[in-house]
Amino acid sequence: MDTPRPFAPRPERSAESDADGDDAVDISAPEPMGRHRLKVPEPEPLTAHGPARVIAVANQKGGVGKTTSTINLGAALAEYGRRVLLVDFDPQGALSVGLGVAAHELDTTIYNVLMERGVDIREVIRKTNVSGMDLLPSNIDLSAAEVQLVTEVGREQALGRAIKPVIGDYDVVLIDCQPSLGLLTINALACADHVLIPLACEFFSLRGVALLMDTIEKVQDRLNPDLTILGILATMFDPRTLHTREVRQRVEEAFGDLVFEAVINRTVKFPETTVAGEPITTWAPMSNGASAYRLLAREVIAR
Ligand code: ADP
Ligand code: MG
């Protein structure tokens with residue numbers, strides 16, 4: 001992987017200076033980075049479902065949009081007729097809460113599926129208010145699993161074993177990782193086909209990615225040779241500030257075609273959706289945030 005090069009002045013792109021800060025970048029604009037910006041096709045409808053591609057949404061930095069991207073990518077994939085399972089793999093349970101589930105009140109969660117024999121994962125999976133999208137919830141109990149797993153045989157494969165029975169039921173499984181590179185995240189990487197890396201357009205974000213890439217390489221070497229990086233998603237993008245535009249340019253220079261065309265702008269609509277307990281695709285279906293996650297869903301299907 002190339003190291004990021006220093007900043008170079010770039011021509012202004014009119015599409016990035018929209019005043020409301022809520023517009024996706026115009027992907028048909030002339031491309032200063034030399035990337036091929038192709039139209040992303042409408043996905044073909046599916047006639048049969050499964051087995052799922054498993055995608056870990058990971059970045060050890062918190063607050064970069066992992067959970068938000070898991071919910072909204074999942075909802076957009078479901079709109080395209082994909083059967084989606086969202087796996088909340090963070091003891092904070094933010095994914096569950098973001099879908100309106102009172103996670104702390106649940107008796108059975110992913111913790112029980114991971115740690116107890118004879119627990120049927122299908123009885124723990126819940127429907128969400130998005131048709132075609134289910135949730136394997138989590139709460140603070142999961143933090144105990146991380147400690148308990150350390151002494152288990154095959155400790156890195158616990159999540160893979162847990163979700164195996166339902167892989168055939170879904171087209172996509174999205175795992176919302178916790179903000180660390182600890183054993184839970186390793187479990188997610190060990191059972192995933194791909195990693196999707198949300199990256200906030202802030203200066204400090206790039207530093208952490210090298211460490212994440214290092215971890216991904218170790219998992220590829222030791223646990224999961226088939227793991228690939230699906231792509232890097234620029235999040236929290238504010239087209240009005242030079243700062244975030246520069247960071248996004250650096251991300252594109254460093255990671256080239258790995259960077260998704262879809263860019264998620266910083267907008268208050270996302271915190272609002274958390275309060276509403278539903279995805280942006282249903283909360284504000286015509287918003288640019290919803291369109292951006294639909295574009296991401298098309299790219300994920302196409303890649
Ligand atoms: P992570 O899972 O990486 O910790 P979250 O998805 O939980 O990150 O996002 C952190 C906070 O930022 C949440 O309050 C969320 O509502 C908010 N947020 C996420 N994406 C955006 C965005 N594009 N614009 C503004 N706020 C956002
Ligand atoms: Mg999160």
# chains A, B, ... in the order shown; residues from 1 in each chain; ligands from 1
call {"tool": "select_by_dssp", "arguments": {"residues": "region 33-113 of chain A", "states": "strand (DSSP E or B)", "output": "list in words"}}
result
Arg53, Val54, Ile55, Ala56, Val57, Val84, Leu85, Leu86, Val87, Asp88 and Phe89 of chain A
call {"tool": "closest_atom_pairs", "arguments": {"of": "region 33-79 of chain A", "to": "region 123-146 of chain A", "cutoff": "8 Å", "atoms": "only C-alpha atoms", "output": "CSV"}}
result
residue,atom,partner,partner_atom,distance
A:Gly74,CA,A:Met133,CA,7.0
A:Ala75,CA,A:Val130,CA,6.6
A:Ala78,CA,A:Gly132,CA,5.5
call {"tool": "closest_residue", "arguments": {"among": "A:Ala52, A:Val247, A:Gly98, A:Leu149", "to": "Cys191 (chain A)", "atoms": "only C-alpha atoms"}}
result
A:Ala52
call {"tool": "residues_near_ligand", "arguments": {"ligand": "ligand 1", "cutoff": "6 Å", "atoms": "only C-alpha atoms and all ligand atoms", "output": "list in words"}}
result
Gly62, Gly63, Val64, Gly65, Lys66, Thr67, Thr68, Thr235, Met236, Ile264, Asn265, Arg266, Thr267, Val268, Phe270, Pro271 and Thr274 of chain A
call {"tool": "residues_near_ligand", "arguments": {"ligand": "ligand 2", "cutoff": "10 Å", "atoms": "only C-alpha atoms and all ligand atoms", "output": "CSV table (one decimal) with C-alpha atoms, in the first residue's frame"}}
result
chain,number,residue,atom,x,y,z
A,57,VAL,CA,-17.4,-3.1,8.8
A,58,ALA,CA,-14.3,-2.2,10.7
A,59,ASN,CA,-12.1,0.6,11.8
A,60,GLN,CA,-10.6,0.7,15.3
A,61,LYS,CA,-11.3,4.4,15.5
A,62,GLY,CA,-14.7,5.2,17.1
A,63,GLY,CA,-17.1,7.7,15.6
A,64,VAL,CA,-16.2,7.2,12.0
A,65,GLY,CA,-19.6,5.9,10.9
A,66,LYS,CA,-19.3,2.1,11.2
A,67,THR,CA,-22.6,1.6,12.9
A,68,THR,CA,-24.4,4.3,10.7
A,69,SER,CA,-23.0,2.7,7.6
A,70,THR,CA,-24.0,-0.8,8.7
A,88,ASP,CA,-24.2,-6.1,16.2
A,89,PHE,CA,-20.7,-7.1,17.3
A,90,ASP,CA,-20.0,-4.1,19.6
A,91,PRO,CA,-20.9,-4.5,23.3
A,92,GLN,CA,-22.1,-0.9,23.2
A,93,GLY,CA,-25.1,-2.2,21.2
A,94,ALA,CA,-25.4,1.0,19.2
A,95,LEU,CA,-26.5,-0.9,16.1
A,98,GLY,CA,-30.1,2.6,16.2
A,176,ASP,CA,-20.7,-3.9,12.8
A,177,CYS,CA,-17.3,-4.2,14.6
A,178,GLN,CA,-16.4,-2.5,17.9
A,179,PRO,CA,-13.8,0.3,17.8
call {"tool": "residues_around", "arguments": {"residues": "Ala192 (chain A)", "least_positions_apart": "3", "cutoff": "12 Å", "atoms": "only C-alpha atoms", "output": "mmCIF file with C-alpha atoms, in the first residue's frame"}}
result
data_model
loop_
_atom_site.group_PDB
_atom_site.id
_atom_site.type_symbol
_atom_site.label_atom_id
_atom_site.label_comp_id
_atom_site.auth_asym_id
_atom_site.auth_seq_id
_atom_site.Cartn_x
_atom_site.Cartn_y
_atom_site.Cartn_z
ATOM 1 C CA ALA A 52 -24.354 -14.672 2.018
ATOM 2 C CA ARG A 53 -21.238 -12.646 1.435
ATOM 3 C CA VAL A 54 -19.997 -11.661 4.852
ATOM 4 C CA ILE A 55 -18.725 -8.104 5.166
ATOM 5 C CA ALA A 56 -17.020 -6.812 8.315
ATOM 6 C CA VAL A 57 -17.434 -3.060 8.780
ATOM 7 C CA ALA A 58 -14.278 -2.211 10.661
ATOM 8 C CA VAL A 87 -24.687 -8.453 13.234
ATOM 9 C CA GLU A 156 -10.829 -16.527 16.676
ATOM 10 C CA GLN A 157 -13.494 -18.622 14.927
ATOM 11 C CA LEU A 159 -18.326 -15.797 15.383
ATOM 12 C CA GLY A 160 -17.842 -17.819 12.210
ATOM 13 C CA ARG A 161 -19.195 -20.902 13.980
ATOM 14 C CA ILE A 163 -23.398 -17.452 12.132
ATOM 15 C CA LYS A 164 -22.698 -20.481 9.923
ATOM 16 C CA ILE A 167 -25.398 -18.013 5.986
ATOM 17 C CA VAL A 172 -25.323 -10.208 2.693
ATOM 18 C CA VAL A 173 -24.228 -10.340 6.331
ATOM 19 C CA LEU A 174 -22.858 -7.047 7.660
ATOM 20 C CA ILE A 175 -20.869 -7.178 10.896
ATOM 21 C CA ASP A 176 -20.673 -3.912 12.825
ATOM 22 C CA CYS A 177 -17.331 -4.154 14.643
ATOM 23 C CA THR A 185 -12.844 -7.633 15.643
ATOM 24 C CA ILE A 186 -10.401 -10.455 14.825
ATOM 25 C CA ASN A 187 -13.350 -12.858 14.983
ATOM 26 C CA ALA A 188 -15.228 -10.686 12.499
ATOM 27 C CA LEU A 189 -12.237 -10.527 10.129
ATOM 28 C CA VAL A 195 -13.796 -5.738 4.979
ATOM 29 C CA LEU A 196 -15.450 -2.383 4.420
ATOM 30 C CA ILE A 216 -5.955 -7.362 8.034
ATOM 31 C CA VAL A 219 -5.533 -12.221 9.569
ATOM 32 C CA GLN A 220 -5.007 -13.042 5.888
ATOM 33 C CA LEU A 223 -6.599 -17.164 9.792
ATOM 34 C CA ASN A 224 -8.437 -16.219 6.616
ATOM 35 C CA PRO A 225 -6.454 -16.152 3.337
ATOM 36 C CA ASP A 226 -9.605 -15.315 1.358
ATOM 37 C CA LEU A 227 -10.277 -12.042 3.177
ATOM 38 C CA THR A 228 -10.254 -9.037 0.831
ATOM 39 C CA ILE A 229 -10.751 -5.327 1.300
ATOM 40 C CA LEU A 230 -14.047 -4.494 -0.353
#
call {"tool": "select_by_dssp", "arguments": {"residues": "region 56-239 of chain A", "states": "alpha helix (DSSP H)", "output": "number ranges by chain"}}
result
A: 66-79, 94-98, 110-115, 121-124, 142-149, 158-163, 183-191, 205-222
call {"tool": "atom_distance", "arguments": {"atom1": "CA of Ala262 (chain A)", "atom2": "CA of Arg294 (chain A)"}}
result
8.6 Å
call {"tool": "residues_around", "arguments": {"residues": "Gly231 (chain A)", "least_positions_apart": "6", "cutoff": "12 Å", "atoms": "only C-alpha atoms", "output": "VMD selection string"}}
result
chain A and resid 55 to 58 194 to 199 213 251 to 252 255 to 263 296 to 297 299 to 300 302 to 303
call {"tool": "write_last_selection", "arguments": {"atoms": "N, CA and C atoms", "output": "PDB file, in the first residue's frame"}}
result
ATOM      1  N   ILE A  55     -19.525  -9.331   5.231  1.00  0.00           N
ATOM      2  CA  ILE A  55     -18.725  -8.104   5.166  1.00  0.00           C
ATOM      3  C   ILE A  55     -18.552  -7.541   6.574  1.00  0.00           C
ATOM      4  N   ALA A  56     -17.302  -7.439   7.025  1.00  0.00           N
ATOM      5  CA  ALA A  56     -17.020  -6.812   8.315  1.00  0.00           C
ATOM      6  C   ALA A  56     -16.845  -5.309   8.094  1.00  0.00           C
ATOM      7  N   VAL A  57     -17.576  -4.519   8.850  1.00  0.00           N
ATOM      8  CA  VAL A  57     -17.434  -3.060   8.780  1.00  0.00           C
ATOM      9  C   VAL A  57     -16.516  -2.670   9.934  1.00  0.00           C
ATOM     10  N   ALA A  58     -15.287  -2.323   9.602  1.00  0.00           N
ATOM     11  CA  ALA A  58     -14.278  -2.211  10.661  1.00  0.00           C
ATOM     12  C   ALA A  58     -13.422  -0.959  10.531  1.00  0.00           C
ATOM     13  N   HIS A 194     -15.068 -10.090   3.149  1.00  0.00           N
ATOM     14  CA  HIS A 194     -14.547  -8.758   2.827  1.00  0.00           C
ATOM     15  C   HIS A 194     -14.558  -7.856   4.062  1.00  0.00           C
ATOM     16  N   VAL A 195     -13.737  -6.815   3.994  1.00  0.00           N
ATOM     17  CA  VAL A 195     -13.796  -5.738   4.979  1.00  0.00           C
ATOM     18  C   VAL A 195     -14.210  -4.465   4.275  1.00  0.00           C
ATOM     19  N   LEU A 196     -15.103  -3.720   4.894  1.00  0.00           N
ATOM     20  CA  LEU A 196     -15.450  -2.383   4.420  1.00  0.00           C
ATOM     21  C   LEU A 196     -14.968  -1.411   5.494  1.00  0.00           C
ATOM     22  N   ILE A 197     -14.178  -0.431   5.086  1.00  0.00           N
ATOM     23  CA  ILE A 197     -13.553   0.475   6.060  1.00  0.00           C
ATOM     24  C   ILE A 197     -14.132   1.881   5.929  1.00  0.00           C
ATOM     25  N   PRO A 198     -14.987   2.287   6.869  1.00  0.00           N
ATOM     26  CA  PRO A 198     -15.413   3.683   6.863  1.00  0.00           C
ATOM     27  C   PRO A 198     -14.279   4.560   7.384  1.00  0.00           C
ATOM     28  N   LEU A 199     -14.056   5.666   6.714  1.00  0.00           N
ATOM     29  CA  LEU A 199     -12.944   6.536   7.072  1.00  0.00           C
ATOM     30  C   LEU A 199     -13.466   7.971   7.121  1.00  0.00           C
ATOM     31  N   MET A 213      -4.721  -1.994   8.342  1.00  0.00           N
ATOM     32  CA  MET A 213      -4.235  -2.766   7.187  1.00  0.00           C
ATOM     33  C   MET A 213      -3.279  -3.868   7.648  1.00  0.00           C
ATOM     34  N   VAL A 251      -6.947  10.405   0.770  1.00  0.00           N
ATOM     35  CA  VAL A 251      -7.469   9.036   0.829  1.00  0.00           C
ATOM     36  C   VAL A 251      -7.471   8.437  -0.577  1.00  0.00           C
ATOM     37  N   GLU A 252      -7.902   9.223  -1.548  1.00  0.00           N
ATOM     38  CA  GLU A 252      -7.950   8.706  -2.924  1.00  0.00           C
ATOM     39  C   GLU A 252      -6.548   8.476  -3.480  1.00  0.00           C
ATOM     40  N   PHE A 255      -5.307   5.226  -1.656  1.00  0.00           N
ATOM     41  CA  PHE A 255      -6.016   3.952  -1.816  1.00  0.00           C
ATOM     42  C   PHE A 255      -6.646   3.760  -3.183  1.00  0.00           C
ATOM     43  N   GLY A 256      -6.568   4.764  -4.055  1.00  0.00           N
ATOM     44  CA  GLY A 256      -6.995   4.606  -5.439  1.00  0.00           C
ATOM     45  C   GLY A 256      -8.382   4.011  -5.587  1.00  0.00           C
ATOM     46  N   ASP A 257      -8.457   2.960  -6.385  1.00  0.00           N
ATOM     47  CA  ASP A 257      -9.747   2.364  -6.731  1.00  0.00           C
ATOM     48  C   ASP A 257     -10.447   1.683  -5.559  1.00  0.00           C
ATOM     49  N   LEU A 258      -9.733   1.507  -4.462  1.00  0.00           N
ATOM     50  CA  LEU A 258     -10.406   0.921  -3.297  1.00  0.00           C
ATOM     51  C   LEU A 258     -11.450   1.873  -2.723  1.00  0.00           C
ATOM     52  N   VAL A 259     -11.298   3.163  -3.004  1.00  0.00           N
ATOM     53  CA  VAL A 259     -12.225   4.146  -2.432  1.00  0.00           C
ATOM     54  C   VAL A 259     -13.550   4.089  -3.202  1.00  0.00           C
ATOM     55  N   PHE A 260     -14.630   3.926  -2.474  1.00  0.00           N
ATOM     56  CA  PHE A 260     -15.943   3.903  -3.113  1.00  0.00           C
ATOM     57  C   PHE A 260     -16.272   5.254  -3.733  1.00  0.00           C
ATOM     58  N   GLU A 261     -17.020   5.222  -4.832  1.00  0.00           N
ATOM     59  CA  GLU A 261     -17.541   6.460  -5.419  1.00  0.00           C
ATOM     60  C   GLU A 261     -18.455   7.168  -4.418  1.00  0.00           C
ATOM     61  N   ALA A 262     -19.242   6.383  -3.727  1.00  0.00           N
ATOM     62  CA  ALA A 262     -20.175   6.960  -2.754  1.00  0.00           C
ATOM     63  C   ALA A 262     -19.389   7.661  -1.650  1.00  0.00           C
ATOM     64  N   VAL A 263     -19.820   8.868  -1.329  1.00  0.00           N
ATOM     65  CA  VAL A 263     -19.205   9.631  -0.248  1.00  0.00           C
ATOM     66  C   VAL A 263     -20.340  10.047   0.683  1.00  0.00           C
ATOM     67  N   LEU A 296     -23.748   3.385  -2.573  1.00  0.00           N
ATOM     68  CA  LEU A 296     -22.816   2.440  -1.948  1.00  0.00           C
ATOM     69  C   LEU A 296     -23.325   1.005  -2.098  1.00  0.00           C
ATOM     70  N   ALA A 297     -24.621   0.816  -1.891  1.00  0.00           N
ATOM     71  CA  ALA A 297     -25.193  -0.541  -2.011  1.00  0.00           C
ATOM     72  C   ALA A 297     -24.991  -1.074  -3.425  1.00  0.00           C
ATOM     73  N   GLU A 299     -22.627  -0.242  -5.477  1.00  0.00           N
ATOM     74  CA  GLU A 299     -21.203  -0.561  -5.635  1.00  0.00           C
ATOM     75  C   GLU A 299     -20.847  -1.870  -4.946  1.00  0.00           C
ATOM     76  N   VAL A 300     -21.406  -2.068  -3.761  1.00  0.00           N
ATOM     77  CA  VAL A 300     -21.109  -3.302  -3.022  1.00  0.00           C
ATOM     78  C   VAL A 300     -21.608  -4.506  -3.813  1.00  0.00           C
ATOM     79  N   ALA A 302     -21.954  -4.625  -7.043  1.00  0.00           N
ATOM     80  CA  ALA A 302     -21.169  -4.738  -8.266  1.00  0.00           C
ATOM     81  C   ALA A 302     -19.741  -5.229  -8.025  1.00  0.00           C
ATOM     82  N   ARG A 303     -19.195  -4.978  -6.831  1.00  0.00           N
ATOM     83  CA  ARG A 303     -17.784  -5.349  -6.596  1.00  0.00           C
ATOM     84  C   ARG A 303     -17.601  -6.826  -6.340  1.00  0.00           C
TER      85      ARG A 303
END
call {"tool": "atom_distance", "arguments": {"atom1": "CA of Arg245 (chain A)", "atom2": "CA of Glu202 (chain A)"}}
result
9.4 Å
call {"tool": "atom_distance", "arguments": {"atom1": "CA of Ser96 (chain A)", "atom2": "CA of Leu184 (chain A)"}}
result
16.9 Å
call {"tool": "closest_residue", "arguments": {"among": "A:Tyr293, A:Tyr80, A:Phe203, A:Phe237", "to": "Thr281 (chain A)", "atoms": "only C-alpha atoms"}}
result
A:Tyr293
